[in-house]
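So this block is upload.txt, compact mmCIF, C-alpha atoms and all ligand atoms:
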```txt
# COMPACT_ATOMS: atom_id res chain seq x y z
CA MET M 16 126.72 47.98 116.45
CA PHE M 17 124.52 47.34 119.48
CA THR M 18 123.31 48.77 122.76
CA ALA M 19 124.05 47.17 126.14
CA GLU M 20 123.20 47.93 129.73
CA ILE M 21 126.10 49.11 131.92
CA LEU M 22 126.05 48.99 135.74
CA HIS M 23 122.44 47.80 135.63
CA LYS M 24 121.22 51.31 134.78
CA TYR M 25 122.85 52.93 131.72
CA MET M 26 121.89 51.93 128.18
CA VAL M 27 125.10 52.47 126.20
CA PRO M 28 125.50 52.40 122.41
CA TYR M 29 128.61 50.55 121.19
CA HIS M 30 130.25 51.70 117.97
CA TYR M 31 132.74 49.96 115.69
CA CYS M 32 135.89 51.52 114.27
CA ALA M 33 136.99 49.71 111.13
CA ALA M 34 140.33 51.56 111.11
CA CYS M 35 141.52 49.88 114.32
CA ASP M 36 139.03 46.99 114.45
CA HIS M 37 137.79 47.84 117.95
CA LEU M 38 134.47 48.42 119.66
CA PHE M 39 134.14 51.64 121.61
CA VAL M 40 131.63 53.80 123.46
CA SER M 41 131.49 57.56 123.08
CA ASN M 42 131.28 59.91 126.06
CA PRO M 43 131.34 57.28 128.84
CA THR M 44 130.02 59.49 131.65
CA TRP M 45 129.67 56.37 133.83
CA MET M 46 133.40 55.48 133.67
CA GLU M 47 134.37 56.85 137.10
CA GLU M 48 131.45 55.03 138.71
CA ALA M 49 132.32 51.81 136.86
CA TYR M 50 135.91 51.90 138.11
CA SER M 51 135.23 53.11 141.65
CA ASP M 52 136.45 49.66 142.68
CA ALA M 53 138.19 47.16 140.40
CA ILE M 54 136.52 44.24 142.19
CA VAL M 55 132.91 44.44 143.31
CA GLN M 56 132.03 42.92 146.68
CA GLU M 57 129.53 40.50 145.14
CA ASP M 58 132.27 38.88 143.02
CA THR M 59 132.81 35.93 145.38
CA ASP M 60 134.28 33.46 142.87
CA ILE M 61 136.95 35.74 141.43
CA ALA M 62 139.92 33.50 142.34
CA ALA M 63 138.38 30.27 141.01
CA ARG M 64 137.18 32.00 137.84
CA ASN M 65 140.63 33.45 137.18
CA ILE M 66 142.31 30.07 137.66
CA PHE M 67 139.96 28.41 135.16
CA ASN M 68 140.32 31.34 132.75
CA ALA M 69 144.12 31.13 133.02
CA LEU M 70 144.08 27.43 132.11
CA LYS M 71 141.75 28.07 129.15
CA LEU M 72 143.89 31.00 127.98
CA ALA M 73 147.07 28.93 128.28
CA ALA M 74 145.55 26.30 126.01
CA ILE M 75 144.41 28.92 123.48
CA ASP M 76 147.73 30.80 123.59
CA PHE M 77 149.77 27.63 123.12
CA LEU M 78 147.57 25.57 120.80
CA VAL M 79 145.66 28.12 118.72
CA LEU M 80 147.70 31.30 118.33
CA GLY M 81 150.36 31.48 115.66
CA ASP M 82 153.10 32.42 118.13
CA ARG M 83 152.46 29.20 120.11
CA GLY M 84 152.38 31.06 123.42
CA ARG M 85 155.69 32.88 122.93
CA GLY M 86 154.14 36.30 122.24
CA LYS M 87 153.40 39.21 124.55
CA TYR M 88 149.85 39.47 125.83
CA VAL M 89 147.85 42.11 127.67
CA ASP M 90 144.76 41.81 129.85
CA VAL M 91 143.00 45.11 129.17
CA ALA M 92 140.92 46.29 132.14
CA GLY M 93 142.56 43.51 134.15
CA GLY M 94 141.46 44.57 137.64
CA TYR M 95 144.20 43.92 140.20
CA GLY M 96 146.16 41.77 137.76
CA LEU M 97 145.30 38.33 139.12
CA LEU M 98 144.86 36.76 135.67
CA THR M 99 148.15 38.30 134.55
CA ARG M 100 149.91 36.90 137.65
CA LEU M 101 148.53 33.43 136.95
CA MET M 102 149.52 33.56 133.27
CA ARG M 103 153.06 34.62 134.23
CA ASP M 104 153.21 31.71 136.68
CA LEU M 105 152.31 29.42 133.76
CA GLY M 106 155.26 30.84 131.81
CA PHE M 107 153.55 33.32 129.49
CA ASP M 108 154.70 36.91 128.94
CA TYR M 109 151.60 38.72 130.25
CA TYR M 110 150.89 42.34 131.16
CA TRP M 111 147.81 44.18 132.28
CA SER M 112 146.32 47.64 132.16
CA GLU M 113 143.68 49.04 134.44
CA PRO M 114 142.48 52.63 134.49
ZN ZN X 201 139.73 53.37 115.69
```

Starting from the file, give its structure as structure tokens.
Amino acid sequence: MFTAEILHKYMVPYHYCAACDHLFVSNPTWMEEAYSDAIVQEDTDIAARNIFNALKLAAIDFLVLGDRGRGKYVDVAGGYGLLTRLMRDLGFDYYWSEP
């Protein structure tokens, strides 16, 4: 589908699987390096960004999605789970995964 730079040094081709409607990368040799820390030190606005993202997501979940915010949701690659914690505090049934 396209190529994107990962970790400011790896050019990675992204592929599309029509069977499961997902993008994926093959042979991600940089995965361990990418997840050596879930939050990079330079990410100084992580709390504020997550609060704003939670409010935007709450609006989308409640106003746009067919289940009107009553579904189960997952934040894939959700770091330490801050967004999930905020969404639960807003009353949504949220989960997260993080390798
Ligand atoms: Zn697939």

Using only C-alpha atoms and all ligand atoms, which protein or nucleic acid residues are at most 8 Å from ligand ZN 201 (chain X), as number ranges by chain? M: 31-37

Separation of atom CA of Glu47 of chain M from atom CA of Glu20 of chain M in Å: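 Taking atom CA of Glu20 of chain M as the start and atom CA of Glu47 of chain M as the end point, the length is 16.1 Å.
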
At a cut-off of 12 Å, using all atoms listed in the file, what residues contact Ala49 of chain M? Leave out same-chain residues fewer than 5 positions from it and give the result as a PyMOL selection string. chain M and resi 21-25+43-44+54-55+92+94+113-114

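Minimum atom-to-atom distance to Arg100 of chain M, evaluated using all atoms listed in the file, belongs to M:Ile66 out of M:Gly86, M:Leu80, M:Ile66, M:Lys71.
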
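Closest approach to Ala19 of chain M among M:Phe39, M:Phe67, M:Tyr110, M:Tyr95 is made by M:Phe39 (distances from only C-alpha atoms).
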
With a distance cut-off of 12 Å and all atoms listed in the file, select the neighbouring residues of Tyr88 of chain M, excluding the residue or stretch itself and same-chain residues fewer than 2 positions from it, and output the selection as number ranges by chain. M: 72-73, 76, 80, 82, 84-86, 90-91, 93, 98-99, 102-103, 106-112

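Straight-line separation from atom CA of Asp104 of chain M to atom CA of Arg83 of chain M: 16.8 Å.
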
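Put simply, atom CA of Lys87 of chain M is 29.2 Å away from atom CA of Met16 of chain M.
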
Min atom-atom distance to Leu70 of chain M from the set M:Leu105, M:Ser51, M:Ser41, M:Asp58, counting all atoms listed in the file, belongs to M:Leu105
